[in-house]
>>> print(open('entry06.txt').read())   # compact mmCIF, C-alpha atoms
# COMPACT_ATOMS: atom_id res chain seq x y z
CA MET B 1 -149.17 114.76 49.48
CA ASP B 2 -145.46 114.64 48.67
CA LEU B 3 -144.69 110.95 48.15
CA SER B 4 -140.98 111.35 47.43
CA PHE B 5 -140.23 109.82 50.84
CA PHE B 6 -141.91 106.61 49.69
CA ARG B 7 -140.04 106.20 46.40
CA GLU B 8 -137.27 104.14 47.97
CA ARG B 9 -139.87 101.78 49.45
CA MET B 10 -141.59 101.51 46.08
CA GLU B 11 -138.35 100.58 44.40
CA GLN B 12 -137.57 98.10 47.18
CA TYR B 13 -140.95 96.39 46.76
CA ARG B 14 -141.04 96.82 42.97
CA VAL B 15 -144.19 98.92 43.09
CA LEU B 16 -144.79 100.29 39.61
CA ASN B 17 -147.64 102.71 40.26
CA LEU B 18 -149.25 104.23 43.35
CA ILE B 19 -152.33 106.47 43.61
CA ILE B 20 -153.87 107.92 46.79
CA SER B 21 -157.25 109.66 46.82
CA GLN B 22 -158.98 111.28 49.77
CA HIS B 23 -162.35 113.01 49.95
CA GLY B 24 -162.80 112.51 46.21
CA GLU B 25 -159.51 114.10 45.16
CA VAL B 26 -156.21 112.54 44.10
CA ILE B 27 -153.74 113.71 46.74
CA GLY B 28 -150.69 111.69 45.75
CA GLU B 29 -149.30 109.77 42.77
CA LEU B 30 -145.95 108.11 42.19
CA ASP B 31 -144.77 105.95 39.30
CA THR B 32 -141.64 103.93 38.68
CA ASP B 33 -142.96 102.62 35.35
CA ASP B 34 -145.67 103.55 32.85
CA ARG B 35 -149.35 102.96 33.52
CA ALA B 36 -149.91 100.14 31.07
CA ARG B 37 -152.63 97.61 31.61
CA ARG B 38 -151.32 94.61 33.49
CA ASN B 39 -152.73 91.39 34.89
CA ILE B 40 -154.31 92.26 38.23
CA TYR B 41 -154.50 88.56 39.10
CA SER B 42 -156.87 87.88 42.01
CA ALA B 43 -157.96 91.50 42.33
CA SER B 44 -160.17 90.36 39.43
CA LYS B 45 -162.21 88.47 42.03
CA SER B 46 -163.51 91.71 43.48
CA PHE B 47 -164.93 92.67 40.07
CA THR B 48 -166.62 89.27 39.96
CA SER B 49 -168.05 89.99 43.40
CA ALA B 50 -169.51 93.22 42.03
CA ALA B 51 -170.98 91.31 39.08
CA VAL B 52 -172.71 88.86 41.44
CA GLY B 53 -174.17 91.73 43.46
CA ILE B 54 -175.49 93.41 40.33
CA ALA B 55 -176.89 90.12 39.01
CA GLN B 56 -178.69 89.49 42.29
CA ARG B 57 -180.24 92.97 42.10
CA GLU B 58 -181.46 92.14 38.60
CA GLY B 59 -183.06 88.92 39.80
CA LEU B 60 -180.71 86.68 37.83
CA LEU B 61 -179.53 84.75 40.87
CA SER B 62 -179.52 84.59 44.64
CA ILE B 63 -176.49 83.96 46.82
CA GLU B 64 -178.69 81.61 48.86
CA GLU B 65 -179.19 79.33 45.84
CA ARG B 66 -177.85 75.84 46.28
CA LEU B 67 -175.21 74.79 43.78
CA VAL B 68 -177.18 71.67 42.91
CA ASP B 69 -179.91 73.99 41.63
CA ALA B 70 -177.55 76.49 40.02
CA PHE B 71 -175.52 73.83 38.17
CA PRO B 72 -177.92 70.89 37.70
CA ASP B 73 -176.26 69.60 34.51
CA ASP B 74 -172.70 69.75 35.84
CA LEU B 75 -172.94 67.66 38.98
CA PRO B 76 -170.92 64.50 39.64
CA GLU B 77 -172.69 61.16 39.41
CA THR B 78 -172.84 60.95 43.19
CA VAL B 79 -173.77 64.20 44.96
CA SER B 80 -172.43 64.28 48.51
CA ASP B 81 -174.31 65.68 51.49
CA HIS B 82 -171.86 68.58 51.60
CA LEU B 83 -172.42 69.44 47.96
CA GLN B 84 -176.17 69.28 48.56
CA LYS B 85 -175.77 72.04 51.16
CA ALA B 86 -173.34 74.31 49.30
CA THR B 87 -174.64 77.70 48.14
CA VAL B 88 -173.49 80.54 45.91
CA ARG B 89 -172.53 82.39 49.07
CA ASP B 90 -169.98 79.67 49.83
CA LEU B 91 -168.35 80.38 46.47
CA LEU B 92 -167.78 84.00 47.49
CA THR B 93 -166.32 83.38 50.95
CA MET B 94 -163.70 80.74 50.05
CA ALA B 95 -165.60 78.35 52.30
CA LEU B 96 -166.94 75.92 49.71
CA GLY B 97 -165.49 72.94 51.57
CA GLN B 98 -162.75 71.75 49.23
CA GLU B 99 -159.53 70.75 50.92
CA LYS B 100 -157.04 72.64 48.77
CA ALA B 101 -156.78 75.25 46.05
CA PHE B 102 -157.56 74.43 42.42
CA LEU B 103 -157.54 76.31 39.10
CA MET B 104 -154.54 78.32 40.26
CA GLY B 105 -152.28 80.12 37.78
CA GLY B 106 -149.61 77.47 37.51
CA GLU B 107 -152.17 74.70 37.02
CA ARG B 108 -154.47 76.12 34.39
CA PRO B 109 -152.21 75.71 31.33
CA TYR B 110 -151.83 71.99 32.10
CA ILE B 111 -155.44 71.01 32.81
CA LYS B 112 -156.37 68.42 30.17
CA GLU B 113 -160.14 68.69 30.57
CA ASP B 114 -161.97 71.49 28.78
CA ASP B 115 -165.03 71.58 31.03
CA TRP B 116 -163.76 73.25 34.18
CA VAL B 117 -167.24 73.62 35.65
CA LYS B 118 -167.86 69.88 35.84
CA LEU B 119 -164.26 69.33 36.90
CA SER B 120 -164.57 71.85 39.73
CA LEU B 121 -167.82 70.38 41.02
CA SER B 122 -166.34 66.87 40.97
CA ILE B 123 -163.72 67.77 43.59
CA PRO B 124 -164.84 66.33 46.97
CA LEU B 125 -166.05 68.75 49.62
CA VAL B 126 -164.07 67.57 52.63
CA TYR B 127 -165.54 70.19 54.95
CA GLU B 128 -169.10 71.27 55.49
CA PRO B 129 -169.70 74.37 53.37
CA GLY B 130 -169.29 77.62 55.27
CA THR B 131 -167.05 76.19 57.98
CA HIS B 132 -163.48 76.26 56.60
CA PHE B 133 -161.71 79.05 54.70
CA VAL B 134 -159.48 77.61 51.96
CA TYR B 135 -158.19 80.12 49.42
CA ASN B 136 -159.28 78.64 46.12
CA ASN B 137 -160.08 79.83 42.59
CA VAL B 138 -162.99 77.41 42.18
CA GLY B 139 -165.48 79.59 44.06
CA PRO B 140 -165.08 82.86 42.16
CA TYR B 141 -164.75 80.97 38.87
CA LEU B 142 -168.09 79.20 39.36
CA ALA B 143 -169.73 82.40 40.60
CA GLY B 144 -168.59 84.17 37.45
CA VAL B 145 -169.85 81.32 35.25
CA LEU B 146 -173.25 81.47 36.92
CA VAL B 147 -173.56 85.19 36.16
CA GLN B 148 -172.58 84.54 32.54
CA ARG B 149 -175.07 81.71 32.08
CA ARG B 150 -177.94 83.64 33.59
CA ALA B 151 -177.08 86.83 31.68
CA GLY B 152 -176.39 85.04 28.38
CA CYS B 153 -173.07 86.77 27.75
CA ASP B 154 -169.47 86.81 28.92
CA LEU B 155 -168.52 88.68 32.08
CA VAL B 156 -166.87 91.59 30.25
CA SER B 157 -169.95 92.13 28.09
CA TYR B 158 -172.15 91.94 31.17
CA LEU B 159 -170.10 94.52 33.07
CA MET B 160 -169.49 96.95 30.21
CA PRO B 161 -172.83 98.80 30.48
CA ARG B 162 -173.21 98.16 34.21
CA LEU B 163 -169.74 98.87 35.62
CA PHE B 164 -166.80 99.33 33.25
CA GLY B 165 -168.50 101.81 30.94
CA PRO B 166 -169.91 104.09 33.66
CA LEU B 167 -166.49 104.08 35.37
CA GLY B 168 -164.83 105.20 32.15
CA ILE B 169 -162.98 101.91 31.66
CA ARG B 170 -162.69 100.92 28.01
CA ARG B 171 -163.42 97.27 27.24
CA PRO B 172 -160.69 95.27 28.99
CA THR B 173 -159.08 91.91 28.28
CA TRP B 174 -160.05 89.12 30.69
CA GLU B 175 -158.78 85.54 30.63
CA ALA B 176 -161.25 82.85 29.50
CA ASP B 177 -161.47 79.10 30.13
CA PRO B 178 -161.35 76.50 27.31
CA MET B 179 -165.15 76.68 26.93
CA GLY B 180 -165.07 80.46 26.51
CA TYR B 181 -166.29 81.47 29.97
CA THR B 182 -164.58 84.52 31.47
CA PHE B 183 -162.33 83.34 34.30
CA GLY B 184 -163.80 85.30 37.18
CA ALA B 185 -161.04 84.31 39.61
CA GLY B 186 -158.22 86.12 37.80
CA GLY B 187 -156.71 87.31 34.57
CA LEU B 188 -158.36 90.73 34.21
CA PHE B 189 -156.02 93.35 32.71
CA LEU B 190 -156.33 96.93 34.00
CA ASN B 191 -154.02 99.83 34.75
CA VAL B 192 -153.61 101.47 38.13
CA GLU B 193 -156.18 104.20 37.50
CA GLU B 194 -158.80 101.66 36.45
CA LEU B 195 -158.21 99.49 39.51
CA HIS B 196 -158.30 102.64 41.64
CA LYS B 197 -161.79 103.39 40.34
CA LEU B 198 -163.09 100.17 41.87
CA GLY B 199 -161.76 101.34 45.24
CA LEU B 200 -163.38 104.75 44.81
CA LEU B 201 -166.68 103.15 43.79
CA TYR B 202 -166.74 100.96 46.90
CA LEU B 203 -165.73 103.86 49.13
CA GLN B 204 -168.87 105.58 47.82
CA ASP B 205 -171.03 102.52 48.61
CA GLY B 206 -171.36 101.60 44.93
CA CYS B 207 -172.50 105.03 43.74
CA TRP B 208 -170.76 106.79 40.82
CA ASN B 209 -171.75 110.20 39.48
CA GLY B 210 -175.14 109.88 41.11
CA LYS B 211 -175.87 106.41 39.75
CA GLN B 212 -176.00 103.31 41.97
CA LEU B 213 -173.84 100.90 39.96
CA VAL B 214 -173.50 98.27 42.70
CA PRO B 215 -176.19 97.94 45.40
CA ALA B 216 -175.09 99.75 48.56
CA GLU B 217 -176.14 96.83 50.77
CA TRP B 218 -174.06 94.48 48.63
CA VAL B 219 -171.02 96.72 49.00
CA ARG B 220 -171.42 96.73 52.78
CA GLU B 221 -171.97 92.98 52.99
CA SER B 222 -169.12 92.05 50.64
CA THR B 223 -166.66 94.23 52.52
CA ARG B 224 -167.34 93.07 56.05
CA ARG B 225 -166.06 89.97 57.80
CA GLN B 226 -168.09 87.03 56.52
CA VAL B 227 -165.67 84.25 57.51
CA GLU B 228 -162.54 83.84 59.59
CA ASN B 229 -159.48 83.34 57.42
CA GLY B 230 -156.54 82.96 59.77
CA THR B 231 -155.83 86.70 59.87
CA PRO B 232 -157.07 89.26 62.41
CA TYR B 233 -159.25 90.86 59.74
CA GLY B 234 -161.37 88.15 58.09
CA TYR B 235 -162.67 87.79 54.55
CA GLY B 236 -165.81 89.11 52.86
CA TYR B 237 -167.27 88.31 49.47
CA LEU B 238 -164.02 88.18 47.48
CA PHE B 239 -162.54 91.10 49.45
CA TRP B 240 -159.85 90.88 52.14
CA GLY B 241 -160.06 92.56 55.52
CA SER B 242 -157.11 94.82 56.33
CA PRO B 243 -155.66 96.78 59.28
CA CYS B 244 -157.46 99.82 60.68
CA GLY B 245 -160.86 98.56 59.57
CA ALA B 246 -159.93 98.77 55.90
CA PHE B 247 -160.62 96.19 53.21
CA ARG B 248 -159.01 95.54 49.86
CA ALA B 249 -159.11 93.98 46.44
CA ASP B 250 -155.90 91.96 46.34
CA GLY B 251 -154.05 90.27 43.50
CA LYS B 252 -150.80 88.35 43.25
CA TYR B 253 -147.64 90.47 43.32
CA CYS B 254 -149.52 93.27 45.11
CA GLN B 255 -152.16 94.51 42.73
CA MET B 256 -154.18 96.10 45.53
CA SER B 257 -156.80 98.73 46.17
CA PHE B 258 -157.33 99.59 49.84
CA ILE B 259 -160.61 101.21 50.86
CA LEU B 260 -160.10 103.23 54.05
CA ARG B 261 -163.50 104.32 55.25
CA ASP B 262 -162.24 106.00 58.42
CA LYS B 263 -160.03 108.30 56.33
CA TYR B 264 -162.42 108.44 53.34
CA ALA B 265 -159.45 107.44 51.22
CA VAL B 266 -158.29 104.86 48.70
CA ILE B 267 -154.72 103.65 48.16
CA THR B 268 -154.03 101.60 45.02
CA THR B 269 -150.85 99.87 43.89
CA VAL B 270 -149.84 97.97 40.76
CA SER B 271 -146.67 96.03 41.45
CA GLU B 272 -144.26 93.20 40.80
CA CYS B 273 -143.81 92.74 44.54
CA ARG B 274 -143.02 89.35 46.10
CA ASP B 275 -143.39 90.59 49.69
CA SER B 276 -147.04 91.47 50.13
CA GLU B 277 -146.93 91.40 53.93
CA GLY B 278 -144.03 93.85 53.97
CA LEU B 279 -145.68 96.24 51.54
CA ILE B 280 -149.02 96.15 53.38
CA ALA B 281 -147.25 96.83 56.67
CA ASP B 282 -145.39 99.80 55.20
CA ILE B 283 -148.54 101.21 53.65
CA PHE B 284 -150.20 101.27 57.05
CA GLU B 285 -147.09 102.42 58.90
CA GLU B 286 -145.89 105.05 56.43
CA LEU B 287 -148.83 106.21 54.31
CA TYR B 288 -151.94 105.67 56.42
CA PRO B 289 -150.85 107.95 59.34
CA ARG B 290 -150.27 110.84 56.90
CA LEU B 291 -153.86 110.86 55.68
>>> encode(input="entry06.txt", output="structure tokens")
Amino acid sequence: MDLSFFRERMEQYRVLNLIISQHGEVIGELDTDDRARRNIYSASKSFTSAAVGIAQREGLLSIEERLVDAFPDDLPETVSDHLQKATVRDLLTMALGQEKAFLMGGERPYIKEDDWVKLSLSIPLVYEPGTHFVYNNVGPYLAGVLVQRRAGCDLVSYLMPRLFGPLGIRRPTWEADPMGYTFGAGGLFLNVEELHKLGLLYLQDGCWNGKQLVPAEWVRESTRRQVENGTPYGYGYLFWGSPCGAFRADGKYCQMSFILRDKYAVITTVSECRDSEGLIADIFEELYPRL
């Protein structure tokens, strides 16, 4: 695919790298900068989602576990009825019940407490878990911590033999909290090709070179509408619904990998874009129809 027509749009949106694959082959690439590893921000969450699915397959956890059982030593002095009901699944759907976002990028450098797990669980659950979508870093952070505690290692070490290594991704840098836990809600550094591989893996229902890296059922469940999120497309387990039945890993400033099952294609961008809605619209208006 000749992508020269899209270069002006890329420069307008400050897209640094773009890759399009279809039917297992790269059909288009365009770069306005080198392919260095960059912070993929909240697209990191989708890797955490994969880690949870793998950990569940290995019997380390269940998404139906209640948080009071998963984090018994980190609970506030008074455990509310809502917290009693909350499960690991609620961490993955942004429907934990907290009223507003916490542990976001601009906050983290100024948090005085070192124990973010106890701090996160101390925030009141205003809504009944599972009933209100509130975009929030607490859920994926706690989900990532649970995997690390059950596996006995950090999230990068857990995923190296199970995901990163088989995908051909050399050990990446991933932000950690003050206690040393990998921050599963953001801060993973990858380049466009490495992020693209996640999209390709999920297009193939978690299978890579004949090996089932992520359970196929988990891929299907995490990439379908699990909760309403104020958009026409819904939200899965740390994946966003998208137009045309697609879904995506999505990070701040448009670090995105779109999985387009109807076209058997993946579109991935690494960007410094401040207009995500505009870029997403143009991807589906300009690129999608050409597949």
>>> axis_aligned_box(input="entry06.txt", around="range 208-217 of chain B", padding_each_side="5 Å", output="JSON")
{"center_x": -173.5, "center_y": 103.5, "center_z": 45.1, "size_x": 15.4, "size_y": 23.4, "size_z": 21.3}
>>> atom_distance(input="entry06.txt", atom1="CA of Gly105 in chain B", atom2="CA of Gly230 in chain B")
22.6 Å
>>> closest_residue(input="entry06.txt", among="B:Arg37, B:Glu65, B:Glu217, B:Tyr235", to="Ile169 in chain B", atoms="all atoms listed in the file")
B:Arg37
>>> residues_around(input="entry06.txt", residues="Asn136 in chain B", least_positions_apart="6", cutoff="10 Å", atoms="only C-alpha atoms", output="ChimeraX atom specification")
/B:91,93-96,98-104,185
>>> closest_residue(input="entry06.txt", among="B:Ile63, B:Val88, B:Asp282, B:Gly97", to="Thr131 in chain B", atoms="only C-alpha atoms")
B:Gly97
>>> decode(input="entry06.txt", residues="range 52-93 of chain B", atoms="N, CA and C atoms", output="short mmCIF file (atom, residue, chain, number, x, y, z; two decimals), in the first residue's frame")
data_model
loop_
_atom_site.label_atom_id
_atom_site.label_comp_id
_atom_site.auth_asym_id
_atom_site.auth_seq_id
_atom_site.Cartn_x
_atom_site.Cartn_y
_atom_site.Cartn_z
N VAL B 52 -2.52 -10.94 32.97
CA VAL B 52 -3.57 -11.48 33.83
C VAL B 52 -4.15 -12.74 33.20
N GLY B 53 -4.39 -12.70 31.89
CA GLY B 53 -4.94 -13.87 31.21
C GLY B 53 -4.01 -15.07 31.29
N ILE B 54 -2.71 -14.83 31.14
CA ILE B 54 -1.73 -15.91 31.24
C ILE B 54 -1.68 -16.44 32.67
N ALA B 55 -1.69 -15.51 33.64
CA ALA B 55 -1.63 -15.93 35.05
C ALA B 55 -2.86 -16.73 35.44
N GLN B 56 -4.01 -16.38 34.91
CA GLN B 56 -5.21 -17.16 35.21
C GLN B 56 -5.08 -18.56 34.62
N ARG B 57 -4.55 -18.66 33.39
CA ARG B 57 -4.34 -19.99 32.80
C ARG B 57 -3.41 -20.85 33.66
N GLU B 58 -2.43 -20.20 34.28
CA GLU B 58 -1.46 -20.93 35.10
C GLU B 58 -1.96 -21.21 36.50
N GLY B 59 -3.18 -20.78 36.80
CA GLY B 59 -3.76 -21.04 38.11
C GLY B 59 -3.27 -20.13 39.21
N LEU B 60 -2.64 -19.02 38.84
CA LEU B 60 -2.12 -18.09 39.84
C LEU B 60 -3.19 -17.18 40.42
N LEU B 61 -4.26 -16.98 39.66
CA LEU B 61 -5.32 -16.08 40.11
C LEU B 61 -6.59 -16.40 39.33
N SER B 62 -7.67 -15.77 39.76
CA SER B 62 -8.94 -15.84 39.03
C SER B 62 -9.51 -14.43 38.98
N ILE B 63 -10.09 -14.06 37.85
CA ILE B 63 -10.65 -12.71 37.78
C ILE B 63 -11.92 -12.60 38.60
N GLU B 64 -12.43 -13.72 39.09
CA GLU B 64 -13.61 -13.68 39.97
C GLU B 64 -13.22 -13.54 41.44
N GLU B 65 -11.92 -13.56 41.73
CA GLU B 65 -11.47 -13.36 43.12
C GLU B 65 -11.92 -12.00 43.65
N ARG B 66 -12.31 -11.99 44.89
CA ARG B 66 -12.62 -10.71 45.53
C ARG B 66 -11.32 -10.04 45.96
N LEU B 67 -11.31 -8.73 45.91
CA LEU B 67 -10.10 -7.99 46.28
C LEU B 67 -9.76 -8.18 47.75
N VAL B 68 -10.77 -8.38 48.58
CA VAL B 68 -10.48 -8.58 50.01
C VAL B 68 -9.70 -9.88 50.23
N ASP B 69 -9.85 -10.83 49.31
CA ASP B 69 -9.09 -12.08 49.40
C ASP B 69 -7.74 -11.96 48.69
N ALA B 70 -7.70 -11.16 47.63
CA ALA B 70 -6.47 -10.99 46.86
C ALA B 70 -5.47 -10.08 47.57
N PHE B 71 -5.98 -9.13 48.35
CA PHE B 71 -5.11 -8.15 49.03
C PHE B 71 -5.45 -8.08 50.52
N PRO B 72 -5.41 -9.18 51.24
CA PRO B 72 -5.89 -9.19 52.63
C PRO B 72 -5.07 -8.32 53.58
N ASP B 73 -3.81 -8.08 53.28
CA ASP B 73 -2.95 -7.30 54.18
C ASP B 73 -2.86 -5.83 53.80
N ASP B 74 -3.65 -5.42 52.82
CA ASP B 74 -3.55 -4.05 52.31
C ASP B 74 -4.86 -3.28 52.44
N LEU B 75 -5.81 -3.86 53.14
CA LEU B 75 -7.14 -3.28 53.21
C LEU B 75 -7.21 -2.15 54.22
N PRO B 76 -8.11 -1.19 54.01
CA PRO B 76 -8.30 -0.13 55.02
C PRO B 76 -8.89 -0.71 56.30
N GLU B 77 -8.83 0.06 57.35
CA GLU B 77 -9.31 -0.41 58.65
C GLU B 77 -10.79 -0.79 58.60
N THR B 78 -11.55 0.02 57.87
CA THR B 78 -12.96 -0.29 57.67
C THR B 78 -13.18 -0.68 56.22
N VAL B 79 -13.65 -1.88 55.98
CA VAL B 79 -13.90 -2.36 54.62
C VAL B 79 -15.37 -2.14 54.28
N SER B 80 -15.63 -1.33 53.28
CA SER B 80 -17.01 -1.00 52.91
C SER B 80 -17.69 -2.17 52.22
N ASP B 81 -19.01 -2.11 52.12
CA ASP B 81 -19.76 -3.15 51.42
C ASP B 81 -19.33 -3.23 49.96
N HIS B 82 -19.06 -2.07 49.36
CA HIS B 82 -18.65 -2.07 47.96
C HIS B 82 -17.29 -2.74 47.78
N LEU B 83 -16.37 -2.46 48.68
CA LEU B 83 -15.06 -3.10 48.58
C LEU B 83 -15.17 -4.60 48.82
N GLN B 84 -16.08 -5.01 49.68
CA GLN B 84 -16.30 -6.43 49.91
C GLN B 84 -16.71 -7.15 48.61
N LYS B 85 -17.42 -6.44 47.74
CA LYS B 85 -17.93 -7.05 46.51
C LYS B 85 -16.95 -7.00 45.35
N ALA B 86 -16.00 -6.09 45.39
CA ALA B 86 -15.13 -5.83 44.24
C ALA B 86 -14.27 -7.05 43.91
N THR B 87 -14.10 -7.30 42.61
CA THR B 87 -13.32 -8.45 42.13
C THR B 87 -12.19 -7.99 41.22
N VAL B 88 -11.32 -8.93 40.88
CA VAL B 88 -10.23 -8.64 39.95
C VAL B 88 -10.80 -8.20 38.61
N ARG B 89 -11.91 -8.77 38.22
CA ARG B 89 -12.54 -8.36 36.96
C ARG B 89 -12.84 -6.87 36.95
N ASP B 90 -13.28 -6.32 38.08
CA ASP B 90 -13.59 -4.89 38.15
C ASP B 90 -12.34 -4.03 37.95
N LEU B 91 -11.17 -4.58 38.26
CA LEU B 91 -9.93 -3.84 38.01
C LEU B 91 -9.66 -3.70 36.52
N LEU B 92 -10.10 -4.68 35.74
CA LEU B 92 -9.80 -4.73 34.32
C LEU B 92 -10.78 -3.95 33.46
N THR B 93 -11.94 -3.64 34.00
CA THR B 93 -12.99 -2.99 33.21
C THR B 93 -13.16 -1.51 33.54
#
